[in-house]
Amino acid sequence: MNAALAELKRRLAEVHDLQQVTLAMEWDQLVMMPHGGAEVRAEQLATMNGLAHERFTDPEVGRLLEELRPFEESLDPDSDDASLVRVARRDWEKASRVPTELTAEITRVASGAQEVWAEARARSDYALFRPWLDRNLELRHRYIDCFDPEAEVYDILLDDYEPGMKTAEVRAVFDRIKPELIALAAEVASPDEPAFMRGPFPEAEQERLSRYVVEHFGANWNNFRLDRTVHPFCSSFATTDIRMTTRYSETDLHSLFGSMHECGHGLYEHGVDPALERTPLCSGVSSGLHESQSRLWENLVGRSAPFWRWLYPTFEAAFPAVMTDVTADDLYRAVNRVEPSFIRVDSDEVTYGLHVIVRFELEQELIAGTVTTADLPEAWNARYADYLGVEVPNDQVGVLQDIHWSFNGFGYFPTYQLGNVISVQIWEKLVEAVPDVDAQIEAGEFAELGAWLRSNVYALGRRFTPQETIERVTGSALDAEPYLRYLQTKYGAGVAA
Ligand code: ZN
């Protein structure tokens, strides 16, 4: 092997290890750590992130990347080595612009802010969280200042989650979608929730059901865990070590959909080509692509009629007390009921995008300073009244509901809705390749579906850009039309079985 390439790989593997160990500590903070550990943990995380950043931005890495330019020319651009050098160079040029002290400070403050956010959310006390939000914003501005002053500011934030994507592209897609969603929600909303959807669903049975479903989707307990947390998420420390989390409440089924969602994230990470392990190519390519997979498993599979025909007997056996006189068709309709509400993660497929668009707009305004943190709750509530037609009763179910601004994740939210859009683009291709996918789902067979996604999407890891990945899989660029068609077909005339 080329000596410079070998040395680059050695260094990148070390950086990757440091980053994955940091992820493990973050998982621990959210899932296992006693509250009292927070202060020291923030320092530990800042040290680890600082160390990873320092090692990665070492001038020697830059020198190796320069030395490799002629060698790179000789490589097949689709080869793993070419992808590795290309992606490492892009990451390196970006990371090198940000001082290590700033990276560490962002991590330290974010870690503290998450602890305060959790408390503020529990007490519905926005004033408690606001100073931390101010500090996060100030640090985000210092981060923005590290980049091209000519760039659209939000592009810099978006690039961390959707590399190469421009705010203008997202705005174009969202502008197309927004009026359609508002109109469709108004047309098909049904406020009457069937009584059986309020349970009670005993937690132990919910957990058994979640495990049963994700096992069928392809999560195996040799490589996956499912734990409890306040805000469900999925983390992976290796393709062989996937951590899903969910939350349980006896009066709803959110744990089941949350588990299917996080399982989609987990299957993506688990399906990355093991040859990419311990390299910067070893993860999903972007937040949007990631979300396309969580939403695909949660919605296109987990809210489909064939899925509920398959799950019905198991579901009925799990909750016999609430399932008297409830058919598979009743369940399917109930889990697809559209009703504008306050909480993004619990919302239906039609209104979900509106929750994201509220955040996308407010983030741009916060960063631009046209909305201040003092005005934020009011601005939030006004937009919910506007787009979703709901009066937000308090900040707990309003502006404090999501963790993202506490971890300084400005720019993350739009990727959720991009994921919905991309999920249907991919699904249309999948149905061409696996035409009897509905029959397979109804039979509880998910292996061919999973294998297609694995070989066409997951295995690629970060070899190509998000846009190239979408093109390779679907043959087209980002496109809102399949998604809008899907919603119209499924919901337009009311949900039919
Ligand atoms: Zn997700």
# chains A, B, ... in the order shown; residues from 1 in each chain; ligands from 1
call {"tool": "residues_around", "arguments": {"residues": "Val31 of chain A", "least_positions_apart": "4", "cutoff": "9 Å", "atoms": "only C-alpha atoms", "output": "VMD selection string"}}
result
chain A and resid 26 to 27 227 to 230 245
call {"tool": "write_last_selection", "arguments": {"atoms": "N, CA, C and O atoms", "output": "PDB file, in the first residue's frame"}}
result
ATOM      1  N   GLU A  26     -21.630   9.860  25.594  1.00  0.00           N
ATOM      2  CA  GLU A  26     -22.860  10.654  25.441  1.00  0.00           C
ATOM      3  C   GLU A  26     -24.095   9.764  25.641  1.00  0.00           C
ATOM      4  O   GLU A  26     -25.069  10.165  26.277  1.00  0.00           O
ATOM      5  N   TRP A  27     -24.035   8.565  25.079  1.00  0.00           N
ATOM      6  CA  TRP A  27     -25.125   7.597  25.288  1.00  0.00           C
ATOM      7  C   TRP A  27     -25.290   7.345  26.777  1.00  0.00           C
ATOM      8  O   TRP A  27     -26.394   7.366  27.307  1.00  0.00           O
ATOM      9  N   ASP A 227     -32.885   0.412  25.070  1.00  0.00           N
ATOM     10  CA  ASP A 227     -32.975   0.913  26.441  1.00  0.00           C
ATOM     11  C   ASP A 227     -33.983   2.053  26.532  1.00  0.00           C
ATOM     12  O   ASP A 227     -34.510   2.512  25.529  1.00  0.00           O
ATOM     13  N   ARG A 228     -34.216   2.495  27.772  1.00  0.00           N
ATOM     14  CA  ARG A 228     -35.175   3.584  28.014  1.00  0.00           C
ATOM     15  C   ARG A 228     -34.458   4.923  28.137  1.00  0.00           C
ATOM     16  O   ARG A 228     -33.371   4.977  28.712  1.00  0.00           O
ATOM     17  N   THR A 229     -35.096   5.973  27.665  1.00  0.00           N
ATOM     18  CA  THR A 229     -34.541   7.318  27.830  1.00  0.00           C
ATOM     19  C   THR A 229     -35.658   8.348  27.764  1.00  0.00           C
ATOM     20  O   THR A 229     -36.801   8.012  27.452  1.00  0.00           O
ATOM     21  N   VAL A 230     -35.328   9.601  28.069  1.00  0.00           N
ATOM     22  CA  VAL A 230     -36.331  10.673  28.021  1.00  0.00           C
ATOM     23  C   VAL A 230     -36.668  11.018  26.571  1.00  0.00           C
ATOM     24  O   VAL A 230     -37.824  11.148  26.184  1.00  0.00           O
ATOM     25  N   THR A 245     -32.922   3.527  21.750  1.00  0.00           N
ATOM     26  CA  THR A 245     -33.633   3.850  22.990  1.00  0.00           C
ATOM     27  C   THR A 245     -35.078   4.210  22.664  1.00  0.00           C
ATOM     28  O   THR A 245     -35.399   4.608  21.543  1.00  0.00           O
TER      29      THR A 245
END
call {"tool": "residues_around", "arguments": {"residues": "Ala185 of chain A", "least_positions_apart": "6", "cutoff": "7 Å", "atoms": "only C-alpha atoms", "output": "PyMOL selection string"}}
result
chain A and resi 338+350-351
call {"tool": "closest_atom_pairs", "arguments": {"of": "chain A", "to": "ligand 1", "cutoff": "12 Å", "atoms": "only C-alpha atoms and all ligand atoms", "output": "JSON lines"}}
result
{"residue": "A:His231", "atom": "CA", "partner": "ligand 1", "partner_atom_place_in_ligand_line": "1 (Zn)", "distance": 10.9}
{"residue": "A:Pro232", "atom": "CA", "partner": "ligand 1", "partner_atom_place_in_ligand_line": "1 (Zn)", "distance": 8.6}
{"residue": "A:Phe233", "atom": "CA", "partner": "ligand 1", "partner_atom_place_in_ligand_line": "1 (Zn)", "distance": 6.8}
{"residue": "A:Cys234", "atom": "CA", "partner": "ligand 1", "partner_atom_place_in_ligand_line": "1 (Zn)", "distance": 7.7}
{"residue": "A:Ser235", "atom": "CA", "partner": "ligand 1", "partner_atom_place_in_ligand_line": "1 (Zn)", "distance": 10.6}
{"residue": "A:Met244", "atom": "CA", "partner": "ligand 1", "partner_atom_place_in_ligand_line": "1 (Zn)", "distance": 10.7}
{"residue": "A:Thr245", "atom": "CA", "partner": "ligand 1", "partner_atom_place_in_ligand_line": "1 (Zn)", "distance": 11.1}
{"residue": "A:Thr246", "atom": "CA", "partner": "ligand 1", "partner_atom_place_in_ligand_line": "1 (Zn)", "distance": 11.5}
{"residue": "A:Phe257", "atom": "CA", "partner": "ligand 1", "partner_atom_place_in_ligand_line": "1 (Zn)", "distance": 11.1}
{"residue": "A:Gly258", "atom": "CA", "partner": "ligand 1", "partner_atom_place_in_ligand_line": "1 (Zn)", "distance": 8.8}
{"residue": "A:Ser259", "atom": "CA", "partner": "ligand 1", "partner_atom_place_in_ligand_line": "1 (Zn)", "distance": 10.3}
{"residue": "A:Met260", "atom": "CA", "partner": "ligand 1", "partner_atom_place_in_ligand_line": "1 (Zn)", "distance": 10.0}
{"residue": "A:His261", "atom": "CA", "partner": "ligand 1", "partner_atom_place_in_ligand_line": "1 (Zn)", "distance": 6.3}
{"residue": "A:Glu262", "atom": "CA", "partner": "ligand 1", "partner_atom_place_in_ligand_line": "1 (Zn)", "distance": 6.3}
{"residue": "A:Cys263", "atom": "CA", "partner": "ligand 1", "partner_atom_place_in_ligand_line": "1 (Zn)", "distance": 9.3}
{"residue": "A:Gly264", "atom": "CA", "partner": "ligand 1", "partner_atom_place_in_ligand_line": "1 (Zn)", "distance": 8.2}
{"residue": "A:His265", "atom": "CA", "partner": "ligand 1", "partner_atom_place_in_ligand_line": "1 (Zn)", "distance": 6.6}
{"residue": "A:Gly266", "atom": "CA", "partner": "ligand 1", "partner_atom_place_in_ligand_line": "1 (Zn)", "distance": 9.9}
{"residue": "A:Tyr268", "atom": "CA", "partner": "ligand 1", "partner_atom_place_in_ligand_line": "1 (Zn)", "distance": 11.4}
{"residue": "A:Ser286", "atom": "CA", "partner": "ligand 1", "partner_atom_place_in_ligand_line": "1 (Zn)", "distance": 11.5}
{"residue": "A:Ser287", "atom": "CA", "partner": "ligand 1", "partner_atom_place_in_ligand_line": "1 (Zn)", "distance": 8.2}
{"residue": "A:Gly288", "atom": "CA", "partner": "ligand 1", "partner_atom_place_in_ligand_line": "1 (Zn)", "distance": 9.0}
{"residue": "A:Leu289", "atom": "CA", "partner": "ligand 1", "partner_atom_place_in_ligand_line": "1 (Zn)", "distance": 10.0}
{"residue": "A:His290", "atom": "CA", "partner": "ligand 1", "partner_atom_place_in_ligand_line": "1 (Zn)", "distance": 7.1}
{"residue": "A:Glu291", "atom": "CA", "partner": "ligand 1", "partner_atom_place_in_ligand_line": "1 (Zn)", "distance": 5.0}
{"residue": "A:Ser292", "atom": "CA", "partner": "ligand 1", "partner_atom_place_in_ligand_line": "1 (Zn)", "distance": 8.3}
{"residue": "A:Gln293", "atom": "CA", "partner": "ligand 1", "partner_atom_place_in_ligand_line": "1 (Zn)", "distance": 8.3}
{"residue": "A:Ser294", "atom": "CA", "partner": "ligand 1", "partner_atom_place_in_ligand_line": "1 (Zn)", "distance": 5.5}
{"residue": "A:Arg295", "atom": "CA", "partner": "ligand 1", "partner_atom_place_in_ligand_line": "1 (Zn)", "distance": 7.2}
{"residue": "A:Leu296", "atom": "CA", "partner": "ligand 1", "partner_atom_place_in_ligand_line": "1 (Zn)", "distance": 10.4}
{"residue": "A:Trp297", "atom": "CA", "partner": "ligand 1", "partner_atom_place_in_ligand_line": "1 (Zn)", "distance": 10.7}
{"residue": "A:Glu298", "atom": "CA", "partner": "ligand 1", "partner_atom_place_in_ligand_line": "1 (Zn)", "distance": 9.7}
{"residue": "A:Asn299", "atom": "CA", "partner": "ligand 1", "partner_atom_place_in_ligand_line": "1 (Zn)", "distance": 11.9}
{"residue": "A:Arg344", "atom": "CA", "partner": "ligand 1", "partner_atom_place_in_ligand_line": "1 (Zn)", "distance": 11.4}
{"residue": "A:Val345", "atom": "CA", "partner": "ligand 1", "partner_atom_place_in_ligand_line": "1 (Zn)", "distance": 9.0}
{"residue": "A:His404", "atom": "CA", "partner": "ligand 1", "partner_atom_place_in_ligand_line": "1 (Zn)", "distance": 12.0}
{"residue": "A:Tyr412", "atom": "CA", "partner": "ligand 1", "partner_atom_place_in_ligand_line": "1 (Zn)", "distance": 10.7}
{"residue": "A:Phe413", "atom": "CA", "partner": "ligand 1", "partner_atom_place_in_ligand_line": "1 (Zn)", "distance": 10.2}
{"residue": "A:Pro414", "atom": "CA", "partner": "ligand 1", "partner_atom_place_in_ligand_line": "1 (Zn)", "distance": 11.7}
{"residue": "A:Thr415", "atom": "CA", "partner": "ligand 1", "partner_atom_place_in_ligand_line": "1 (Zn)", "distance": 9.3}
{"residue": "A:Tyr416", "atom": "CA", "partner": "ligand 1", "partner_atom_place_in_ligand_line": "1 (Zn)", "distance": 7.0}
{"residue": "A:Gln417", "atom": "CA", "partner": "ligand 1", "partner_atom_place_in_ligand_line": "1 (Zn)", "distance": 10.2}
{"residue": "A:Leu418", "atom": "CA", "partner": "ligand 1", "partner_atom_place_in_ligand_line": "1 (Zn)", "distance": 11.4}
{"residue": "A:Gly419", "atom": "CA", "partner": "ligand 1", "partner_atom_place_in_ligand_line": "1 (Zn)", "distance": 8.7}
{"residue": "A:Asn420", "atom": "CA", "partner": "ligand 1", "partner_atom_place_in_ligand_line": "1 (Zn)", "distance": 10.3}
call {"tool": "residues_around", "arguments": {"residues": "segment 199-211 of chain A", "least_positions_apart": "4", "cutoff": "10 Å", "atoms": "only C-alpha atoms", "output": "PyMOL selection string"}}
result
chain A and resi 195+215-217+219-221+225-228+246-260+263+311+314-315+317-323
call {"tool": "closest_residue", "arguments": {"among": "A:Val473, A:Val301, A:Val424, A:Leu23", "to": "Met48 of chain A", "atoms": "only C-alpha atoms"}}
result
A:Leu23
call {"tool": "residues_around", "arguments": {"residues": "Thr22 of chain A", "least_positions_apart": "4", "cutoff": "12 Å", "atoms": "only C-alpha atoms", "output": "list in words"}}
result
Val15, His16, Asp17, Leu18, Glu26, Trp27, Asp28, Gln29, Arg41, Ala42, Glu43, Gln44, Leu45, Ala46, Thr47, Met48, Asn49, Gly50, Leu51, Ala52, His53, Thr107, Ser111, Ser235, Ser236 and Phe237 of chain A
call {"tool": "closest_residue", "arguments": {"among": "A:Ile403, A:Glu391, A:Arg383, A:Ala113", "to": "Ala38 of chain A", "atoms": "only C-alpha atoms"}}
result
A:Ala113
call {"tool": "atom_distance", "arguments": {"atom1": "atom CA of Ser341 of chain A", "atom2": "atom CA of Tyr384 of chain A"}}
result
8.9 Å
call {"tool": "closest_residue", "arguments": {"among": "A:Phe224, A:Gln425, A:Ala168, A:Val213", "to": "Phe307 of chain A", "atoms": "only C-alpha atoms"}}
result
A:Val213
call {"tool": "closest_residue", "arguments": {"among": "A:Gly450, A:Pro34, A:Pro194, A:Pro280", "to": "Arg462 of chain A", "atoms": "only C-alpha atoms"}}
result
A:Pro280
call {"tool": "decode", "arguments": {"residues": "segment 350-428 of chain A", "atoms": "C-alpha atoms", "output": "short mmCIF file (atom, residue, chain, number, x, y, z; two decimals), in the first residue's frame"}}
result
data_model
loop_
_atom_site.label_atom_id
_atom_site.label_comp_id
_atom_site.auth_asym_id
_atom_site.auth_seq_id
_atom_site.Cartn_x
_atom_site.Cartn_y
_atom_site.Cartn_z
CA VAL A 350 -49.49 14.47 7.42
CA THR A 351 -48.77 17.11 10.06
CA TYR A 352 -45.21 15.99 10.85
CA GLY A 353 -43.67 18.14 8.15
CA LEU A 354 -45.34 21.25 9.54
CA HIS A 355 -43.66 20.72 12.92
CA VAL A 356 -40.33 20.66 11.11
CA ILE A 357 -41.07 23.70 8.98
CA VAL A 358 -41.88 25.73 12.13
CA ARG A 359 -38.44 24.86 13.53
CA PHE A 360 -36.63 25.43 10.22
CA GLU A 361 -38.09 28.91 9.95
CA LEU A 362 -37.49 29.83 13.59
CA GLU A 363 -33.89 28.62 13.50
CA GLN A 364 -33.11 30.89 10.58
CA GLU A 365 -34.73 33.78 12.39
CA LEU A 366 -32.90 33.03 15.67
CA ILE A 367 -29.56 32.89 13.89
CA ALA A 368 -30.36 36.07 11.95
CA GLY A 369 -31.46 37.75 15.20
CA THR A 370 -34.91 38.65 13.87
CA VAL A 371 -36.35 36.49 16.65
CA THR A 372 -34.62 36.73 20.06
CA THR A 373 -34.57 34.01 22.69
CA ALA A 374 -36.87 36.25 24.75
CA ASP A 375 -39.48 36.21 21.96
CA LEU A 376 -38.98 32.58 21.04
CA PRO A 377 -41.83 30.91 22.98
CA GLU A 378 -44.31 33.45 21.68
CA ALA A 379 -43.03 33.11 18.11
CA TRP A 380 -43.22 29.33 18.45
CA ASN A 381 -46.80 29.40 19.70
CA ALA A 382 -47.88 31.86 17.01
CA ARG A 383 -46.53 29.63 14.25
CA TYR A 384 -48.23 26.56 15.72
CA ALA A 385 -51.50 28.47 15.70
CA ASP A 386 -50.85 29.49 12.10
CA TYR A 387 -49.75 26.22 10.50
CA LEU A 388 -51.30 23.61 12.74
CA GLY A 389 -54.24 25.54 14.13
CA VAL A 390 -53.44 24.57 17.73
CA GLU A 391 -53.02 26.68 20.87
CA VAL A 392 -49.86 25.56 22.67
CA PRO A 393 -50.79 25.43 26.38
CA ASN A 394 -47.28 25.56 27.89
CA ASP A 395 -43.58 25.51 26.96
CA GLN A 396 -43.13 21.90 27.97
CA VAL A 397 -45.18 20.80 24.97
CA GLY A 398 -44.04 23.87 23.03
CA VAL A 399 -40.60 25.32 22.62
CA LEU A 400 -38.96 23.03 25.22
CA GLN A 401 -40.10 19.72 23.72
CA ASP A 402 -37.00 18.92 21.63
CA ILE A 403 -33.46 18.30 22.80
CA HIS A 404 -31.73 19.73 19.68
CA TRP A 405 -31.22 23.34 20.65
CA SER A 406 -29.78 22.21 23.98
CA PHE A 407 -27.02 20.25 22.25
CA ASN A 408 -26.42 23.15 19.86
CA GLY A 409 -27.88 21.21 16.93
CA PHE A 410 -29.00 24.22 14.90
CA GLY A 411 -29.46 23.05 11.30
CA TYR A 412 -30.56 19.56 12.27
CA PHE A 413 -34.36 19.92 12.14
CA PRO A 414 -34.87 20.27 8.37
CA THR A 415 -33.19 16.90 7.85
CA TYR A 416 -36.20 15.23 9.49
CA GLN A 417 -38.49 16.38 6.75
CA LEU A 418 -35.89 15.76 4.05
CA GLY A 419 -35.87 12.22 5.42
CA ASN A 420 -39.62 11.87 4.84
CA VAL A 421 -39.23 13.09 1.29
CA ILE A 422 -36.26 10.82 0.54
CA SER A 423 -37.90 7.81 2.22
CA VAL A 424 -40.67 7.73 -0.38
CA GLN A 425 -38.22 8.26 -3.26
CA ILE A 426 -36.32 5.18 -2.03
CA TRP A 427 -39.50 3.23 -1.35
CA GLU A 428 -40.68 3.68 -4.94
#
